[in-house]
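The structure file work37.cif is reproduced below (mmCIF, C-alpha atoms and all ligand atoms).
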```
data_target
#
loop_
_atom_site.label_atom_id
_atom_site.label_comp_id
_atom_site.auth_asym_id
_atom_site.auth_seq_id
_atom_site.Cartn_x
_atom_site.Cartn_y
_atom_site.Cartn_z
CA MET A 20 -103.32 -17.39 25.72
CA TYR A 21 -101.28 -18.94 28.54
CA ARG A 22 -103.82 -21.78 28.81
CA ARG A 23 -103.17 -22.88 25.22
CA ALA A 24 -99.43 -23.14 25.85
CA LYS A 25 -100.04 -25.05 29.11
CA GLU A 26 -102.34 -27.48 27.26
CA TYR A 27 -99.69 -27.97 24.61
CA LEU A 28 -97.16 -28.82 27.35
CA GLY A 29 -99.61 -31.42 28.78
CA SER A 30 -97.80 -33.94 30.99
CA ASP A 31 -94.74 -31.67 31.30
CA TRP A 32 -96.96 -28.96 32.79
CA LEU A 33 -98.47 -31.52 35.20
CA ALA A 34 -94.97 -32.68 36.20
CA PHE A 35 -94.12 -29.04 36.93
CA GLN A 36 -97.25 -28.60 39.10
CA GLU A 37 -96.51 -31.76 41.07
CA MET A 38 -92.85 -30.97 41.72
CA PHE A 39 -93.73 -27.36 42.55
CA ARG A 40 -96.26 -28.34 45.24
CA GLU A 41 -93.98 -31.01 46.72
CA SER A 42 -91.02 -28.65 46.82
CA ILE A 43 -92.68 -26.20 49.23
CA HIS A 44 -94.07 -28.75 51.66
CA SER A 45 -92.97 -28.39 55.28
CA ASP A 46 -93.79 -29.92 58.66
CA VAL A 47 -94.39 -26.46 60.06
CA LEU A 48 -98.09 -25.67 60.06
CA LEU A 49 -97.68 -21.91 59.58
CA ILE A 50 -95.52 -22.45 56.48
CA ASN A 51 -98.14 -24.74 54.95
CA GLN A 52 -100.92 -22.26 55.80
CA VAL A 53 -99.12 -19.41 54.06
CA ASN A 54 -98.20 -21.71 51.16
CA ALA A 55 -101.88 -22.65 50.70
CA TYR A 56 -102.75 -18.94 50.53
CA LEU A 57 -100.00 -18.30 47.99
CA LEU A 58 -101.06 -21.25 45.82
CA GLU A 59 -104.66 -20.05 45.89
CA HIS A 60 -103.51 -16.63 44.67
CA SER A 61 -100.81 -17.72 42.27
CA GLY A 62 -100.14 -15.76 39.09
CA LYS A 63 -99.72 -16.73 35.45
CA GLN A 64 -96.67 -18.92 36.14
CA LEU A 65 -95.12 -17.45 33.04
CA ARG A 66 -91.48 -18.20 33.91
CA PRO A 67 -91.93 -21.97 34.30
CA LEU A 68 -94.09 -21.93 31.19
CA LEU A 69 -91.22 -20.35 29.26
CA ALA A 70 -88.69 -22.76 30.79
CA LEU A 71 -90.71 -25.79 29.69
CA LEU A 72 -91.24 -24.32 26.20
CA ALA A 73 -87.46 -23.85 25.97
CA GLY A 74 -87.00 -27.48 27.02
CA ARG A 75 -89.47 -28.59 24.34
CA ALA A 76 -87.81 -26.40 21.71
CA ILE A 77 -84.57 -28.31 22.25
CA SER A 78 -85.84 -31.85 22.79
CA GLY A 79 -89.32 -33.30 22.31
CA VAL A 80 -90.05 -33.92 25.98
CA CYS A 81 -88.90 -32.19 29.18
CA ASN A 82 -86.54 -34.26 31.34
CA ASP A 83 -86.46 -34.09 35.15
CA ARG A 84 -83.70 -31.44 35.17
CA VAL A 85 -85.70 -29.18 32.84
CA VAL A 86 -88.71 -29.46 35.17
CA ARG A 87 -86.46 -28.61 38.14
CA CYS A 88 -85.29 -25.45 36.36
CA ALA A 89 -88.93 -24.50 35.70
CA VAL A 90 -89.91 -25.03 39.35
CA ALA A 91 -86.85 -23.11 40.57
CA SER A 92 -87.84 -20.12 38.40
CA GLU A 93 -91.30 -19.94 40.00
CA LEU A 94 -89.90 -20.40 43.52
CA LEU A 95 -87.32 -17.64 43.05
CA HIS A 96 -89.85 -15.34 41.43
CA THR A 97 -92.36 -15.73 44.27
CA ALA A 98 -89.58 -15.35 46.85
CA SER A 99 -88.55 -12.07 45.25
CA LEU A 100 -92.16 -10.78 45.30
CA LEU A 101 -92.56 -11.72 48.97
CA HIS A 102 -89.47 -9.63 49.71
CA ASP A 103 -90.48 -6.87 47.31
CA ASP A 104 -93.89 -6.41 48.98
CA VAL A 105 -92.08 -5.71 52.25
CA ALA A 106 -89.62 -3.36 50.54
CA ASP A 107 -92.49 -1.49 48.85
CA ASP A 108 -94.86 -1.78 51.85
CA SER A 109 -97.53 -3.08 49.43
CA PRO A 110 -100.93 -4.05 50.85
CA ILE A 111 -102.27 -5.69 47.66
CA ARG A 112 -100.92 -8.11 45.06
CA ARG A 113 -102.99 -9.74 42.30
CA GLY A 114 -106.09 -8.10 43.74
CA SER A 115 -105.72 -9.77 47.20
CA PRO A 116 -103.97 -8.81 50.44
CA THR A 117 -100.24 -9.51 50.44
CA VAL A 118 -98.75 -12.01 52.91
CA MET A 119 -97.12 -9.00 54.51
CA ALA A 120 -100.51 -7.34 55.15
CA LEU A 121 -102.33 -10.55 56.10
CA TYR A 122 -99.66 -11.97 58.43
CA SER A 123 -96.67 -9.65 58.94
CA PRO A 124 -93.56 -8.35 57.16
CA SER A 125 -91.45 -10.98 59.00
CA VAL A 126 -93.66 -13.82 57.76
CA SER A 127 -93.41 -12.48 54.20
CA VAL A 128 -89.59 -12.29 54.34
CA LEU A 129 -89.26 -15.70 56.01
CA ILE A 130 -91.60 -17.49 53.60
CA GLY A 131 -89.66 -15.82 50.78
CA ASP A 132 -86.45 -17.23 52.29
CA PHE A 133 -88.08 -20.65 52.50
CA TRP A 134 -89.17 -20.67 48.84
CA LEU A 135 -85.75 -19.39 47.79
CA SER A 136 -83.96 -22.13 49.77
CA ARG A 137 -86.19 -24.83 48.32
CA GLY A 138 -85.48 -23.50 44.81
CA ILE A 139 -81.74 -23.66 45.40
CA ASP A 140 -82.08 -27.12 46.91
CA LEU A 141 -83.94 -28.41 43.84
CA ILE A 142 -81.22 -27.41 41.39
CA LEU A 143 -78.30 -28.28 43.67
CA MET A 144 -79.51 -31.86 43.95
CA LYS A 145 -79.54 -32.77 40.26
CA CYS A 146 -78.54 -29.90 37.96
CA ASP A 147 -75.01 -29.12 36.80
CA ASN A 148 -72.75 -26.21 37.73
CA GLN A 149 -73.78 -24.14 34.75
CA VAL A 150 -77.40 -24.11 35.92
CA ILE A 151 -76.32 -23.20 39.44
CA GLY A 152 -74.15 -20.43 37.97
CA TYR A 153 -77.05 -18.95 35.92
CA TYR A 154 -79.32 -18.85 38.95
CA ALA A 155 -76.59 -17.46 41.24
CA ARG A 156 -75.99 -14.60 38.78
CA CYS A 157 -79.70 -14.01 38.46
CA LEU A 158 -80.14 -13.72 42.25
CA ALA A 159 -77.37 -11.13 42.41
CA ASP A 160 -79.01 -9.28 39.48
CA LEU A 161 -82.39 -9.20 41.26
CA VAL A 162 -80.87 -7.58 44.32
CA GLU A 163 -78.71 -5.18 42.28
CA GLY A 164 -81.76 -4.13 40.26
CA GLU A 165 -83.72 -3.34 43.43
CA MET A 166 -80.78 -1.46 44.96
CA LEU A 167 -80.11 0.59 41.81
CA GLN A 168 -83.83 1.42 41.71
CA LEU A 169 -83.59 2.68 45.31
CA GLU A 170 -80.44 4.66 44.53
CA LYS A 171 -82.10 6.29 41.53
CA ALA A 172 -85.24 7.09 43.56
CA GLY A 173 -82.93 9.16 45.77
CA SER A 174 -81.09 10.97 43.01
CA LEU A 175 -84.05 11.30 40.58
CA ASP A 176 -81.70 11.26 37.61
CA THR A 177 -82.67 7.95 35.96
CA THR A 178 -81.46 7.83 32.37
CA MET A 179 -82.73 5.44 29.71
CA GLU A 180 -79.59 3.39 30.26
CA ASP A 181 -80.22 3.20 34.03
CA TYR A 182 -83.82 2.21 33.37
CA ARG A 183 -82.77 -0.58 31.04
CA THR A 184 -80.23 -1.86 33.60
CA ILE A 185 -82.89 -1.82 36.33
CA ILE A 186 -85.51 -3.73 34.33
CA TYR A 187 -82.93 -6.16 33.02
CA CYS A 188 -81.83 -6.95 36.57
CA LYS A 189 -85.22 -7.08 38.25
CA THR A 190 -87.16 -8.88 35.51
CA ALA A 191 -85.39 -9.95 32.31
CA SER A 192 -82.59 -11.72 34.20
CA LEU A 193 -85.04 -14.25 35.64
CA PHE A 194 -86.74 -14.78 32.25
CA LYS A 195 -83.27 -15.49 30.90
CA ALA A 196 -82.24 -17.80 33.74
CA ALA A 197 -85.51 -19.78 33.47
CA MET A 198 -85.20 -20.37 29.74
CA MET A 199 -81.42 -20.79 29.51
CA THR A 200 -81.13 -23.24 32.39
CA ALA A 201 -83.95 -25.30 30.86
CA ALA A 202 -82.45 -25.17 27.35
CA HIS A 203 -79.03 -26.11 28.72
CA SER A 204 -80.52 -29.01 30.71
CA ALA A 205 -82.26 -30.23 27.54
CA GLY A 206 -78.89 -30.35 25.71
CA ALA A 207 -79.02 -27.16 23.60
CA SER A 208 -76.25 -26.34 21.12
CA ALA A 209 -74.34 -23.03 21.33
CA GLU A 210 -76.52 -21.55 18.54
CA GLN A 211 -79.71 -22.65 20.27
CA MET A 212 -78.49 -21.17 23.57
CA GLN A 213 -77.81 -17.88 21.81
CA ALA A 214 -81.29 -17.82 20.30
CA ILE A 215 -82.93 -18.59 23.67
CA GLU A 216 -80.79 -15.96 25.40
CA SER A 217 -81.82 -13.27 22.96
CA TYR A 218 -85.52 -14.24 22.97
CA SER A 219 -85.76 -14.40 26.78
CA PHE A 220 -83.85 -11.15 27.24
CA HIS A 221 -86.08 -9.13 24.89
CA LEU A 222 -89.26 -10.80 26.14
CA GLY A 223 -88.33 -10.01 29.76
CA MET A 224 -87.55 -6.39 28.90
CA ALA A 225 -90.90 -6.05 27.09
CA PHE A 226 -92.75 -7.68 29.98
CA GLN A 227 -91.45 -5.14 32.51
CA MET A 228 -92.07 -2.25 30.11
CA MET A 229 -95.74 -3.31 29.93
CA ASP A 230 -95.90 -3.55 33.72
CA ASP A 231 -94.60 0.00 33.88
CA ILE A 232 -97.19 1.10 31.29
CA PHE A 233 -99.93 -0.42 33.51
CA ASP A 234 -98.93 1.94 36.31
CA TYR A 235 -99.90 4.90 34.08
CA SER A 236 -103.03 3.29 32.55
CA PRO A 237 -106.10 3.56 34.80
CA GLN A 238 -108.34 2.86 31.78
CA LEU A 239 -106.93 -0.67 31.37
CA ASN A 240 -108.41 -1.98 34.65
CA THR A 241 -105.52 -4.42 35.12
CA GLY A 242 -106.36 -4.94 38.81
CA LYS A 243 -103.07 -3.25 39.73
CA PRO A 244 -103.11 0.10 41.50
CA VAL A 245 -102.04 3.00 39.26
CA GLY A 246 -99.84 6.03 39.82
CA VAL A 247 -97.78 4.27 42.49
CA ASP A 248 -94.37 4.34 40.81
CA ILE A 249 -94.04 8.12 40.81
CA VAL A 250 -95.00 8.33 44.50
CA GLU A 251 -92.14 5.88 45.16
CA LYS A 252 -89.97 8.09 42.91
CA LYS A 253 -89.41 5.30 40.39
CA LEU A 254 -88.87 7.04 37.05
CA THR A 255 -90.14 4.36 34.69
CA LEU A 256 -90.52 4.28 30.90
CA PRO A 257 -93.76 6.29 30.43
CA PHE A 258 -92.31 9.02 32.66
CA LEU A 259 -89.01 8.93 30.76
CA GLY A 260 -91.16 9.38 27.63
CA PHE A 261 -92.66 12.53 29.18
CA LEU A 262 -89.15 13.81 30.06
CA HIS A 263 -88.06 13.10 26.50
CA ASN A 264 -91.03 14.83 24.81
CA ALA A 265 -91.84 17.77 27.12
CA PRO A 266 -90.24 21.24 26.98
CA ARG A 267 -87.32 21.57 29.40
CA ASP A 268 -89.07 23.94 31.83
CA VAL A 269 -92.06 21.61 32.19
CA SER A 270 -90.00 18.46 32.76
CA SER A 271 -87.45 19.96 35.15
CA GLY A 272 -90.22 21.86 36.98
CA PHE A 273 -91.99 18.60 37.78
CA VAL A 274 -88.78 16.77 38.76
CA GLU A 275 -87.93 19.61 41.17
CA ARG A 276 -91.38 19.29 42.76
CA LEU A 277 -90.81 15.56 43.09
CA ARG A 278 -87.46 16.21 44.76
CA LYS A 279 -89.19 18.16 47.52
CA PHE A 280 -91.91 15.55 47.92
CA ASP A 281 -91.51 13.05 50.79
CA MET A 282 -93.91 10.11 50.65
CA ASN A 283 -93.22 9.19 54.28
CA SER A 284 -94.26 12.46 55.82
CA CYS A 285 -96.94 13.74 53.43
CA LYS A 286 -100.72 13.42 53.58
CA GLU A 287 -102.65 10.95 51.42
CA GLU A 288 -104.10 13.88 49.36
CA GLU A 289 -100.61 15.07 48.47
CA LYS A 290 -99.71 11.60 47.16
CA LYS A 291 -102.89 11.56 45.09
CA LEU A 292 -102.16 15.01 43.73
CA ILE A 293 -98.59 14.28 42.64
CA SER A 294 -99.58 10.99 41.10
CA SER A 295 -102.53 12.43 39.15
CA GLU A 296 -100.31 15.27 37.91
CA ALA A 297 -97.73 12.75 36.70
CA LEU A 298 -100.46 10.74 34.97
CA SER A 299 -101.75 13.78 33.11
CA LEU A 300 -98.26 15.00 32.13
CA VAL A 301 -97.44 11.54 30.79
CA GLU A 302 -100.69 11.58 28.83
CA ARG A 303 -100.23 15.12 27.50
CA TYR A 304 -96.65 14.51 26.36
CA LYS A 305 -97.32 11.07 24.90
CA GLY A 306 -95.23 9.11 27.38
CA LEU A 307 -97.35 6.02 26.90
CA GLU A 308 -96.91 6.07 23.12
CA TYR A 309 -93.15 6.46 23.64
CA ALA A 310 -93.15 3.47 26.03
CA GLN A 311 -95.24 1.32 23.69
CA GLU A 312 -92.82 2.03 20.82
CA CYS A 313 -89.86 0.91 22.96
CA LEU A 314 -91.79 -2.19 23.99
CA ASP A 315 -92.69 -3.07 20.41
CA ARG A 316 -89.03 -2.80 19.40
CA GLU A 317 -88.17 -5.39 22.08
CA ILE A 318 -90.93 -7.69 20.78
CA GLY A 319 -89.58 -7.32 17.24
CA LYS A 320 -86.13 -8.40 18.45
CA ALA A 321 -87.57 -11.32 20.45
CA LEU A 322 -89.38 -12.53 17.33
CA GLU A 323 -86.23 -12.19 15.21
CA SER A 324 -84.38 -14.46 17.66
CA LEU A 325 -86.77 -17.31 16.93
CA SER A 326 -85.63 -18.10 13.39
CA GLU A 327 -83.53 -20.91 14.88
CA PHE A 328 -86.76 -22.78 15.70
CA ASN A 329 -88.80 -21.87 12.60
CA ASP A 330 -92.12 -23.61 12.06
CA SER A 331 -91.90 -26.16 14.87
CA PRO A 332 -95.06 -26.46 17.06
CA VAL A 333 -93.24 -24.88 20.00
CA TRP A 334 -92.18 -21.97 17.75
CA GLU A 335 -95.86 -21.02 17.33
CA HIS A 336 -96.31 -20.77 21.10
CA LEU A 337 -93.15 -18.71 21.54
CA VAL A 338 -94.29 -16.36 18.75
CA ALA A 339 -97.80 -16.07 20.21
CA LEU A 340 -96.42 -15.32 23.69
CA ALA A 341 -94.13 -12.60 22.34
CA GLN A 342 -96.98 -11.01 20.38
CA HIS A 343 -99.20 -11.18 23.44
CA MET A 344 -96.62 -9.20 25.49
CA SER A 345 -97.39 -6.15 23.38
CA VAL A 346 -101.14 -6.16 24.14
CA ARG A 347 -101.52 -8.02 27.43
CA LYS A 348 -103.86 -6.55 30.06
CA ARG A 349 -102.60 -8.46 33.08
C1 LIG B 1 -91.29 -6.40 41.55
O1 LIG B 1 -91.09 -5.13 41.03
C2 LIG B 1 -89.98 -6.92 42.07
C3 LIG B 1 -89.08 -7.66 41.40
C4 LIG B 1 -89.37 -8.06 40.00
C5 LIG B 1 -87.77 -8.12 41.98
C6 LIG B 1 -87.67 -8.04 43.48
C7 LIG B 1 -86.32 -8.49 43.97
C8 LIG B 1 -85.90 -8.42 45.24
C9 LIG B 1 -86.77 -7.88 46.35
C10 LIG B 1 -84.52 -8.90 45.59
C11 LIG B 1 -84.54 -10.09 46.52
C12 LIG B 1 -84.75 -11.34 45.76
C13 LIG B 1 -84.87 -12.60 46.29
C14 LIG B 1 -84.95 -13.76 45.39
C15 LIG B 1 -84.97 -12.87 47.74
P1 LIG B 1 -92.14 -3.94 41.20
O2 LIG B 1 -92.16 -3.51 42.63
O3 LIG B 1 -91.80 -2.92 40.19
O4 LIG B 1 -93.47 -4.62 40.73
P2 LIG B 1 -94.82 -4.93 41.52
O5 LIG B 1 -95.72 -3.82 41.15
O6 LIG B 1 -95.28 -6.25 40.98
O7 LIG B 1 -94.49 -4.99 42.98
MG MG B 2 -93.37 -3.89 44.24
#
```
Encoded form using structure tokens:
Amino acid sequence: MYRRAKEYLGSDWLAFQEMFRESIHSDVLLINQVNAYLLEHSGKQLRPLLALLAGRAISGVCNDRVVRCAVASELLHTASLLHDDVADDSPIRRGSPTVMALYSPSVSVLIGDFWLSRGIDLILMKCDNQVIGYYARCLADLVEGEMLQLEKAGSLDTTMEDYRTIIYCKTASLFKAAMMTAAHSAGASAEQMQAIESYSFHLGMAFQMMDDIFDYSPQLNTGKPVGVDIVEKKLTLPFLGFLHNAPRDVSSGFVERLRKFDMNSCKEEEKKLISSEALSLVERYKGLEYAQECLDREIGKALESLSEFNDSPVWEHLVALAQHMSVRKR
């Protein structure tokens, strides 16, 4: 799926890869060692892929500034994960040990800072103020999303509106920044910017909803651990589906149990118990079906946004990517 879009992008994708690798080079051996590990375990590189597709949707070939926006999106994304793994104390990412577990939390935070600085450097050098503004807002959104998530883990009163704010900030905002900065740098009109904004927003929301579905789907074998969100008291979409569908006494009974639960002082068995109970409640009260319906509504809206680019070759890739978001397994 992603491979086909990367093949379509051809030399633009290669230009991204080259600039990306150059941008993280350092004279410090430890930085290059950790970088080599990160490159070996890199992910789908979906954000730069979307940025370059946005560039192509506006003009036939991606200029240097579009490629810079694509690279910046991957640098910022990885920086945020390196920080997030420390915040979440996560031992595993993409099936391999995290930098935090392999080296130390300090190394993870500092390498994250390095990637973030290089991302900012790349856009400051050649891109205009609008691009810098989009990324500055996005960085603030990422932090606000994480902080609101922490706040809500304390109060355990996440509403659907809170959930949507959190996933917009932590995920959709970077999808939007990647695509809008690229489209702007390619010379998009106001109508084209609006279409890209709407597509990237809904796609980003759907992407995070699927990630949250994975956490309640042991049968999918995504390579991600399951049942972690509830232990961290993150009330995500499948759980909100359970709260929505279950009788009041069942839902508030479980939330009260969760309120008394303290992941830092409890035994491993207790964590397993609370997480398996949440998984079975979500299954019994059709939380996953509820989440999938919400996700599919986002995909529908993302697809509607694309009429501006009807029938162009890049349109097919944007459509295919949106459809894939509804069924992806990783
Ligand atoms: C993963 O979420 C985390 C994010 C998408 C955003 C993290 C943002 C920060 C830590 C703010 C600081 C940002 C920068 C750029 C320094 P998750 O924990 O739900 O998903 P996971 O299962 O992949 O860890
Ligand atoms: Mg995390």
- Grab the CA of Ser204 in chain A to CA of Ser92 in chain A distance for me, in Å with one decimal place. 13.8 Å
- Mind listing the residues within 12 Å of ligand MG 2 (chain B), all atoms listed in the file counted, as a VMD selection string? chain A and resid 97 99 to 113 117 165 168 to 169 189 to 190 227 230 to 231 234 243 to 244 247 to 248 251 253
All residues 8 Å or closer to Lys252 in chain A, all atoms listed in the file, same chain fewer than 2 positions away omitted, as a tab-separated table (two decimals) with C-alpha atoms, in the frame of the given file:
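Resulting contents of selection_14.tsv:
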```tsv
chain	number	residue	atom	x	y	z
A	172	ALA	CA	-85.24	7.09	43.56
A	173	GLY	CA	-82.93	9.16	45.77
A	175	LEU	CA	-84.05	11.30	40.58
A	248	ASP	CA	-94.37	4.34	40.81
A	249	ILE	CA	-94.04	8.12	40.81
A	250	VAL	CA	-95.00	8.33	44.50
A	254	LEU	CA	-88.87	7.04	37.05
A	277	LEU	CA	-90.81	15.56	43.09
```
How close does each residue of range 252-273 of chain A get to range 308-329 of chain A, giving the shortest atom pair and distance in Å to one decimal for every residue with an atom at most 10 Å away, counting all atoms listed in the file, sorted by chain and residue number, as a tab-separated table?
```
residue	atom	partner	partner_atom	distance
A:Thr255	CA	A:Ala310	CA	9.2
A:Leu256	CA	A:Ala310	CA	5.6
A:Pro257	CA	A:Ala310	CA	5.3
A:Phe258	CA	A:Ala310	CA	8.7
A:Leu259	CA	A:Ala310	CA	8.3
A:Gly260	CA	A:Tyr309	CA	5.3
A:Phe261	CA	A:Tyr309	CA	8.2
A:His263	CA	A:Tyr309	CA	8.8
A:Asn264	CA	A:Tyr309	CA	8.7
```
Report, as lines of an AutoDock Vina configuration file, the centre and edge lengths in Å (one decimal) of the axis-aligned box enclosing every listed atom of range 124-134 of chain A, padded by 4 Å on each side.
```
center_x = -90.1
center_y = -14.5
center_z = 53.9
size_x = 15.2
size_y = 20.3
size_z = 18.2
```
- Item | Shortest interatomic distance to Glu41 in chain A - which of A:Met199, A:Leu141, A:Ile151, A:Ile77, counting all atoms listed in the file | A:Leu141
- Item | Best match for closeness to Ala202 in chain A among A:Met228, A:Ala76, A:Cys188, A:Ala265, counting all atoms listed in the file |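 Checking each candidate against Ala202 in chain A, we get A:Ala76 as the closest.
Excluding Gln64 in chain A itself and same-chain residues fewer than 5 positions from it, the residues having an atom within 10 Å of it are Tyr21, Lys25, Leu69, Ala89, Val90, Ser92, Glu93, His96 and Thr97 of chain A, counting only C-alpha atoms.
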May I have the selected residues written with C-alpha atoms, as a PDB file, in the coordinates of the input?
```pdb
ATOM      1  CA  TYR A  21    -101.280 -18.940  28.540  1.00  0.00           C
ATOM      2  CA  LYS A  25    -100.040 -25.050  29.110  1.00  0.00           C
ATOM      3  CA  LEU A  69     -91.220 -20.350  29.260  1.00  0.00           C
ATOM      4  CA  ALA A  89     -88.930 -24.500  35.700  1.00  0.00           C
ATOM      5  CA  VAL A  90     -89.910 -25.030  39.350  1.00  0.00           C
ATOM      6  CA  SER A  92     -87.840 -20.120  38.400  1.00  0.00           C
ATOM      7  CA  GLU A  93     -91.300 -19.940  40.000  1.00  0.00           C
ATOM      8  CA  HIS A  96     -89.850 -15.340  41.430  1.00  0.00           C
ATOM      9  CA  THR A  97     -92.360 -15.730  44.270  1.00  0.00           C
TER      10      THR A  97
END
```
